[in-house]
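Participant: work19.pdb is the file, holding PDB, C-alpha atoms and all ligand atoms:
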```
ATOM      1  CA  SER A1409      22.044-155.850 -27.744
ATOM      2  CA  VAL A1410      18.820-156.277 -25.775
ATOM      3  CA  LEU A1411      20.002-153.418 -23.574
ATOM      4  CA  ASP A1412      19.379-151.018 -26.450
ATOM      5  CA  GLU A1413      15.655-151.756 -26.346
ATOM      6  CA  CYS A1414      13.291-149.750 -24.187
ATOM      7  CA  PRO A1415      13.088-151.538 -20.825
ATOM      8  CA  SER A1416       9.786-152.790 -19.401
ATOM      9  CA  GLU A1417       8.549-150.799 -16.441
ATOM     10  CA  TYR A1418       6.983-152.483 -13.425
ATOM     11  CA  HIS A1419       5.172-151.103 -10.389
ATOM     12  CA  VAL A1420       5.770-152.585  -6.964
ATOM     13  CA  TYR A1421       3.933-151.616  -3.765
ATOM     14  CA  VAL A1422       5.928-151.896  -0.554
ATOM     15  CA  LEU A1423       3.465-152.364   2.316
ATOM     16  CA  GLY A1424       3.932-152.680   6.067
ATOM     17  CA  SER A1425       3.559-151.001   9.445
ATOM     18  CA  PRO A1426       5.486-147.779  10.089
ATOM     19  CA  GLY A1427       9.030-148.438  11.313
ATOM     20  CA  VAL A1428       9.530-151.942   9.869
ATOM     21  CA  GLY A1429      12.223-150.692   7.459
ATOM     22  CA  LYS A1430      10.430-150.086   4.155
ATOM     23  CA  SER A1431      12.379-146.895   3.398
ATOM     24  CA  ALA A1432      15.642-148.500   4.485
ATOM     25  CA  ILE A1433      15.050-151.449   2.118
ATOM     26  CA  ILE A1434      14.127-149.194  -0.817
ATOM     27  CA  ASN A1435      17.218-147.079  -0.181
ATOM     28  CA  GLN A1436      19.415-150.212  -0.117
ATOM     29  CA  PHE A1437      18.023-151.271  -3.513
ATOM     30  CA  THR A1438      19.966-148.339  -4.916
ATOM     31  CA  THR A1439      23.235-150.065  -3.929
ATOM     32  CA  SER A1440      22.268-153.327  -5.660
ATOM     33  CA  GLU A1441      24.783-155.223  -7.789
ATOM     34  CA  PHE A1442      22.066-155.457 -10.478
ATOM     35  CA  LEU A1443      21.613-151.702 -10.604
ATOM     36  CA  GLY A1444      21.745-149.698 -13.812
ATOM     37  CA  ALA A1445      20.554-146.340 -12.469
ATOM     38  CA  SER A1446      18.281-145.074  -9.745
ATOM     39  CA  ASP A1447      16.242-142.153  -8.576
ATOM     40  CA  VAL A1448      14.857-141.978  -5.033
ATOM     41  CA  HIS A1449      12.487-139.488  -3.463
ATOM     42  CA  THR A1450      11.937-139.568   0.265
ATOM     43  CA  ASP A1451       8.883-137.678   1.439
ATOM     44  CA  THR A1452       8.082-137.108   5.085
ATOM     45  CA  SER A1453       6.664-140.590   5.472
ATOM     46  CA  GLU A1454       6.589-142.388   2.146
ATOM     47  CA  THR A1455       9.502-143.211  -0.118
ATOM     48  CA  ARG A1456       9.151-143.527  -3.866
ATOM     49  CA  ALA A1457      11.941-144.859  -6.051
ATOM     50  CA  SER A1458      12.677-145.867  -9.590
ATOM     51  CA  VAL A1459      15.493-148.349 -10.070
ATOM     52  CA  SER A1460      16.835-149.803 -13.274
ATOM     53  CA  VAL A1461      17.696-153.456 -12.751
ATOM     54  CA  ILE A1462      19.780-155.552 -15.124
ATOM     55  CA  LEU A1463      19.019-159.203 -14.470
ATOM     56  CA  ASN A1464      19.842-162.045 -16.884
ATOM     57  CA  GLN A1465      21.056-159.522 -19.495
ATOM     58  CA  GLU A1466      17.662-157.822 -19.544
ATOM     59  CA  GLU A1467      16.985-154.377 -18.173
ATOM     60  CA  SER A1468      13.751-153.539 -16.336
ATOM     61  CA  VAL A1469      12.712-150.395 -14.563
ATOM     62  CA  VAL A1470      11.131-151.090 -11.190
ATOM     63  CA  GLU A1471       9.044-148.319  -9.635
ATOM     64  CA  LEU A1472       8.689-148.764  -5.895
ATOM     65  CA  LEU A1473       6.013-147.064  -3.852
ATOM     66  CA  GLU A1474       5.908-147.271  -0.073
ATOM     67  CA  GLU A1475       2.576-147.443   1.757
ATOM     68  CA  ASN A1476       2.193-147.436   5.536
ATOM     69  CA  ASN A1477      -1.382-148.600   5.312
ATOM     70  CA  MET A1478      -3.552-149.916   2.527
ATOM     71  CA  ALA A1479      -5.879-146.905   2.373
ATOM     72  CA  THR A1480      -5.364-146.314  -1.332
ATOM     73  CA  LEU A1481      -5.460-149.944  -2.328
ATOM     74  CA  ASP A1482      -8.484-151.120  -4.237
ATOM     75  CA  GLU A1483      -9.162-153.263  -7.308
ATOM     76  CA  PRO A1484      -8.413-150.545  -9.919
ATOM     77  CA  THR A1485      -5.123-149.761  -8.167
ATOM     78  CA  ASP A1486      -4.243-153.445  -8.042
ATOM     79  CA  CYS A1487      -4.592-153.613 -11.838
ATOM     80  CA  ASP A1488      -1.677-151.192 -12.259
ATOM     81  CA  ILE A1489       0.568-153.028  -9.801
ATOM     82  CA  ASP A1490       2.832-155.887 -10.836
ATOM     83  CA  ALA A1491       3.898-157.161  -7.431
ATOM     84  CA  TYR A1492       3.721-156.498  -3.703
ATOM     85  CA  ILE A1493       6.362-156.566  -1.012
ATOM     86  CA  ILE A1494       4.805-156.925   2.457
ATOM     87  CA  VAL A1495       7.335-156.117   5.176
ATOM     88  CA  TYR A1496       7.261-156.803   8.909
ATOM     89  CA  SER A1497       9.959-156.592  11.560
ATOM     90  CA  CYS A1498      10.861-159.908  13.182
ATOM     91  CA  ALA A1499      11.515-157.864  16.354
ATOM     92  CA  ASP A1500       7.919-156.578  16.436
ATOM     93  CA  ARG A1501       5.033-159.034  16.734
ATOM     94  CA  SER A1502       2.378-156.375  16.070
ATOM     95  CA  SER A1503       3.945-155.636  12.669
ATOM     96  CA  PHE A1504       3.687-159.356  11.847
ATOM     97  CA  ARG A1505      -0.022-159.331  12.751
ATOM     98  CA  LYS A1506      -0.446-156.256  10.547
ATOM     99  CA  ALA A1507       1.364-157.987   7.666
ATOM    100  CA  SER A1508      -0.958-161.004   8.038
ATOM    101  CA  GLN A1509      -4.000-158.711   7.902
ATOM    102  CA  MET A1510      -2.668-156.903   4.823
ATOM    103  CA  LEU A1511      -1.997-160.164   3.005
ATOM    104  CA  LYS A1512      -5.442-161.516   3.871
ATOM    105  CA  ARG A1513      -7.113-158.298   2.742
ATOM    106  CA  LEU A1514      -5.107-158.195  -0.475
ATOM    107  CA  LYS A1515      -5.911-161.778  -1.418
ATOM    108  CA  GLU A1516      -9.465-162.128  -0.092
ATOM    109  CA  GLU A1517     -11.011-158.641  -0.360
ATOM    110  CA  THR A1518      -9.078-157.014  -3.193
ATOM    111  CA  GLY A1519      -8.863-160.401  -4.908
ATOM    112  CA  SER A1520      -5.347-159.706  -6.150
ATOM    113  CA  THR A1521      -3.586-162.412  -8.151
ATOM    114  CA  LYS A1522      -0.293-160.497  -8.303
ATOM    115  CA  SER A1523       2.811-162.014  -6.773
ATOM    116  CA  VAL A1524       3.594-161.132  -3.169
ATOM    117  CA  MET A1525       6.913-161.359  -1.365
ATOM    118  CA  ILE A1526       6.703-161.586   2.431
ATOM    119  CA  VAL A1527       9.750-159.933   4.000
ATOM    120  CA  ALA A1528      10.939-160.476   7.579
ATOM    121  CA  ASN A1529      13.236-157.481   8.037
ATOM    122  CA  LYS A1530      15.657-156.726  10.910
ATOM    123  CA  VAL A1531      16.938-160.314  11.153
ATOM    124  CA  ASP A1532      20.096-158.760  12.679
ATOM    125  CA  LEU A1533      18.133-158.065  15.889
ATOM    126  CA  ALA A1534      18.586-161.647  17.083
ATOM    127  CA  ARG A1535      18.370-160.933  20.818
ATOM    128  CA  THR A1536      15.058-159.088  20.580
ATOM    129  CA  ARG A1537      13.443-161.390  18.019
ATOM    130  CA  GLN A1538       9.680-161.871  18.515
ATOM    131  CA  VAL A1539       8.717-163.730  15.332
ATOM    132  CA  THR A1540      10.444-166.880  14.055
ATOM    133  CA  CYS A1541      11.255-167.466  10.385
ATOM    134  CA  ASP A1542       8.988-170.524  10.484
ATOM    135  CA  GLU A1543       6.026-168.295  11.324
ATOM    136  CA  GLY A1544       6.889-166.020   8.411
ATOM    137  CA  ARG A1545       7.238-168.982   6.041
ATOM    138  CA  ALA A1546       3.928-170.417   7.243
ATOM    139  CA  LEU A1547       2.191-167.091   6.579
ATOM    140  CA  ALA A1548       3.684-166.902   3.095
ATOM    141  CA  SER A1549       2.705-170.456   2.206
ATOM    142  CA  THR A1550      -0.930-169.805   3.221
ATOM    143  CA  TYR A1551      -1.318-167.777   0.046
ATOM    144  CA  ASN A1552       1.433-169.345  -2.028
ATOM    145  CA  CYS A1553       3.805-166.389  -1.604
ATOM    146  CA  LYS A1554       7.583-166.245  -1.418
ATOM    147  CA  PHE A1555       9.341-165.488   1.863
ATOM    148  CA  ILE A1556      12.720-163.909   2.575
ATOM    149  CA  GLY A1557      14.487-162.719   5.748
ATOM    150  CA  THR A1558      16.442-159.467   5.326
ATOM    151  CA  SER A1559      18.468-156.892   7.194
ATOM    152  CA  ALA A1560      18.463-153.460   5.598
ATOM    153  CA  VAL A1561      21.181-152.201   7.949
ATOM    154  CA  LEU A1562      23.531-155.083   7.116
ATOM    155  CA  ASN A1563      22.440-155.139   3.448
ATOM    156  CA  HIS A1564      21.651-158.841   3.953
ATOM    157  CA  ASN A1565      19.452-160.498   1.262
ATOM    158  CA  ILE A1566      18.451-157.086  -0.163
ATOM    159  CA  ASP A1567      19.801-157.853  -3.659
ATOM    160  CA  GLU A1568      18.130-161.283  -3.452
ATOM    161  CA  LEU A1569      14.832-159.587  -2.579
ATOM    162  CA  LEU A1570      15.028-157.236  -5.569
ATOM    163  CA  ALA A1571      16.049-160.034  -7.956
ATOM    164  CA  GLY A1572      13.374-162.325  -6.476
ATOM    165  CA  VAL A1573      10.572-159.811  -6.999
ATOM    166  CA  LEU A1574      11.639-159.078 -10.573
ATOM    167  CA  SER A1575      11.958-162.815 -11.347
ATOM    168  CA  GLN A1576       8.433-163.413 -10.036
ATOM    169  CA  ILE A1577       7.062-160.586 -12.198
ATOM    170  CA  ARG A1578       8.801-161.924 -15.318
ATOM    171  CA  LEU A1579       7.663-165.472 -14.565
ATOM    172  CA  LYS A1580       4.026-164.336 -14.387
ATOM    173  CA  LYS A1581       4.426-162.282 -17.578
ATOM    174  CA  TYR A1582       6.305-164.748 -19.763
ATOM    175  CA  GLY A1583       5.566-168.068 -18.061
ATOM    176  CA  GLN A1584       8.414-170.469 -17.420
TER     177      GLN A1584
HETATM  178  P1  LIG B   1       9.543-147.493   7.487
HETATM  179  O1  LIG B   1       8.683-146.600   8.335
HETATM  180  O2  LIG B   1       8.922-148.848   7.313
HETATM  181  O3  LIG B   1       9.926-146.873   6.184
HETATM  182  O4  LIG B   1      10.878-147.766   8.328
HETATM  183  P2  LIG B   1      12.314-147.064   8.156
HETATM  184  O5  LIG B   1      13.007-147.513   6.942
HETATM  185  O6  LIG B   1      12.134-145.599   8.351
HETATM  186  O7  LIG B   1      13.086-147.686   9.403
HETATM  187  C1  LIG B   1      12.658-147.483  10.740
HETATM  188  C2  LIG B   1      13.829-147.673  11.688
HETATM  189  O8  LIG B   1      14.280-149.022  11.659
HETATM  190  C3  LIG B   1      15.051-146.823  11.331
HETATM  191  O9  LIG B   1      15.638-146.376  12.531
HETATM  192  C4  LIG B   1      15.964-147.797  10.611
HETATM  193  O10 LIG B   1      17.320-147.462  10.752
HETATM  194  C5  LIG B   1      15.662-149.092  11.342
HETATM  195  N1  LIG B   1      15.891-150.272  10.490
HETATM  196  C6  LIG B   1      15.466-150.470   9.200
HETATM  197  N2  LIG B   1      15.852-151.673   8.765
HETATM  198  C7  LIG B   1      16.538-152.258   9.780
HETATM  199  C8  LIG B   1      17.189-153.525   9.938
HETATM  200  O11 LIG B   1      17.241-154.380   9.042
HETATM  201  N3  LIG B   1      17.774-153.775  11.156
HETATM  202  C9  LIG B   1      17.750-152.860  12.175
HETATM  203  N4  LIG B   1      18.368-153.194  13.310
HETATM  204  N5  LIG B   1      17.160-151.667  12.051
HETATM  205  C10 LIG B   1      16.543-151.371  10.882
END
```
Any chance you could put this one into structure tokens?

Facilitator:
Amino acid sequence: SVLDECPSEYHVYVLGSPGVGKSAIINQFTTSEFLGASDVHTDTSETRASVSVILNQEESVVELLEENNMATLDEPTDCDIDAYIIVYSCADRSSFRKASQMLKRLKEETGSTKSVMIVANKVDLARTRQVTCDEGRALASTYNCKFIGTSAVLNHNIDELLAGVLSQIRLKKYGQ
């Protein structure tokens, strides 16, 4: 079986303003239906996790690293990263502006060609929504990225996010 082989290991950076739900999303990944095993470390501010994901009969290990700002992100770091998840809260316009800045910096200054998933988290907060899904989709399409709306508290679209990121990584690695 392919599951007997040593799984590929991928590194994913989870970027976004403090409070948008990065830790909550990473923690929810550990309840995924695709999960083989997981190991999560929550520091004071930044969560780090390793999750084994079995998707299309193939196991991959996804290492997730949370970053509140992009201080440690430069070209050499980008080389070791397979994909980015940029999170904002749709109930917080300033976090959307921050996400836009991070995406612009990543693509234009760092020159990254890695796949990026733009995540609008907290879609459950309908009454206090400040950013529409159309705005999120428009931002994503500016740089040819994928977009998904999630709720970490309701576990809505969290499995789809994890599967989507891994699919994008495999697509870039193996082609279609
Ligand atoms: P981080 O700083 O980006 O890691 O954000 P956290 O994961 O610590 O979440 C910040 C706060 O937002 C916590 O109180 C979470 O419970 C809350 N939160 C995270 N995701 C959601 C969500 O999808 N919906 C709602 N309503 N609250 C959320």

Participant: Restricting the calculation to all atoms listed in the file: of A:Ala1534, A:Val1469, A:Leu1423, A:Val1561, which residue gets closest to ligand LIG 1 (chain B)?

Facilitator: A:Val1561

Participant: Smallest atom-to-atom distance to Leu1443 of chain A: which of A:Ser1431, A:Ser1458, A:Ser1520, A:Asn1552, using only C-alpha atoms?

Facilitator: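 When distances to Leu1443 of chain A are compared using only C-alpha atoms, the smallest one comes from A:Ser1458.
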
Participant: Can I get the residues close to ligand LIG 1 (chain B) as a list in words, where close means within 6 Å and we count only C-alpha atoms and all ligand atoms?

Facilitator: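 For ligand LIG 1 (chain B), the residues inside 6 Å are Pro1426, Gly1427, Val1428, Gly1429, Lys1430, Ser1431, Ala1432, Asn1529, Lys1530, Asp1532, Leu1533, Ser1559, Ala1560 and Val1561 of chain A.
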
Participant: Could you check which of A:Ala1571, A:Ala1507, A:Leu1579, A:Leu1562 is closest to Glu1543 of chain A, using all atoms listed in the file?

Facilitator: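 Of A:Ala1571, A:Ala1507, A:Leu1579, A:Leu1562, the one nearest Glu1543 of chain A is A:Ala1507, counting all atoms listed in the file.
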
Participant: For Arg1456 of chain A, work out the shell of residues within 10 Å, counting all atoms listed in the file and skipping chain neighbours fewer than 2 positions away, then give it as a short mmCIF file (atom, residue, chain, number, x, y, z; two decimals) with C-alpha atoms, in the frame of the given file.

Facilitator:
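The result, written out as around.cif:
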```cif
data_model
loop_
_atom_site.label_atom_id
_atom_site.label_comp_id
_atom_site.auth_asym_id
_atom_site.auth_seq_id
_atom_site.Cartn_x
_atom_site.Cartn_y
_atom_site.Cartn_z
CA TYR A 1421 3.93 -151.62 -3.76
CA VAL A 1422 5.93 -151.90 -0.55
CA SER A 1431 12.38 -146.90 3.40
CA ILE A 1434 14.13 -149.19 -0.82
CA ASN A 1435 17.22 -147.08 -0.18
CA ASP A 1447 16.24 -142.15 -8.58
CA VAL A 1448 14.86 -141.98 -5.03
CA HIS A 1449 12.49 -139.49 -3.46
CA THR A 1450 11.94 -139.57 0.26
CA ASP A 1451 8.88 -137.68 1.44
CA GLU A 1454 6.59 -142.39 2.15
CA SER A 1458 12.68 -145.87 -9.59
CA GLU A 1471 9.04 -148.32 -9.64
CA LEU A 1472 8.69 -148.76 -5.90
CA LEU A 1473 6.01 -147.06 -3.85
CA GLU A 1474 5.91 -147.27 -0.07
CA GLU A 1475 2.58 -147.44 1.76
#
```

Participant: Compute the distance from (7.5, -150.8, -11.2) to each atom, counting only C-alpha atoms, keep the residues with any atom at most 12 Å away, and return them as a ChimeraX atom specification; use the coordinates of the file.

Facilitator: /A:1415-1422,1456-1461,1468-1474,1488-1493,1570,1573-1574,1577-1578

Participant: Measuring between all atoms listed in the file, which one of A:His1564, A:Glu1483, A:Lys1522, A:Cys1414 shows the shortest distance to Lys1581 of chain A?

Facilitator: A:Lys1522

Participant: Write out as a PyMOL selection string each polymer residue whose atoms come within 6 Å of Met1525 of chain A, counting all atoms listed in the file; drop sequence neighbours fewer than 3 positions from it.

Facilitator: chain A and resi 1493+1553-1555

Participant: Looking at only C-alpha atoms, which of A:Gly1557, A:Gly1572, A:Gly1583, A:Gly1544 is the one that sits closest to Phe1504 of chain A?

Facilitator: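 Of all the options, A:Gly1544 lies closest to Phe1504 of chain A.
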
Participant: Give the answer as one residue: which of A:Thr1521, A:Thr1455, A:Thr1439, A:Ser1425 has the shortest atom-to-atom distance to Asn1476 of chain A, using only C-alpha atoms?

Facilitator: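 Among the listed residues, the smallest separation from Asn1476 of chain A belongs to A:Ser1425.
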
Participant: Which protein, DNA or RNA residues have an atom at most 8 Å from (16.1, -164.0, -15.5), counting all atoms listed in the file? List them as a PyMOL selection string.

Facilitator: chain A and resi 1463-1466+1575+1578

Participant: If I take atom CA of Leu1514 of chain A and atom CA of Ile1433 of chain A, how far is one from the other in Å, to one decimal?

Facilitator: 21.4 Å

Participant: Do you have the atom CA of Gln1509 of chain A-atom CA of Asp1567 of chain A distance handy?

Facilitator: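 Spanning atom CA of Gln1509 of chain A to atom CA of Asp1567 of chain A is a straight-line distance of 26.5 Å.
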
Participant: Work out how far apart atom CA of Ala1528 of chain A and atom CA of Cys1541 of chain A are and give it in Å to one decimal.

Facilitator: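 Between atom CA of Ala1528 of chain A and atom CA of Cys1541 of chain A the gap is 7.5 Å.
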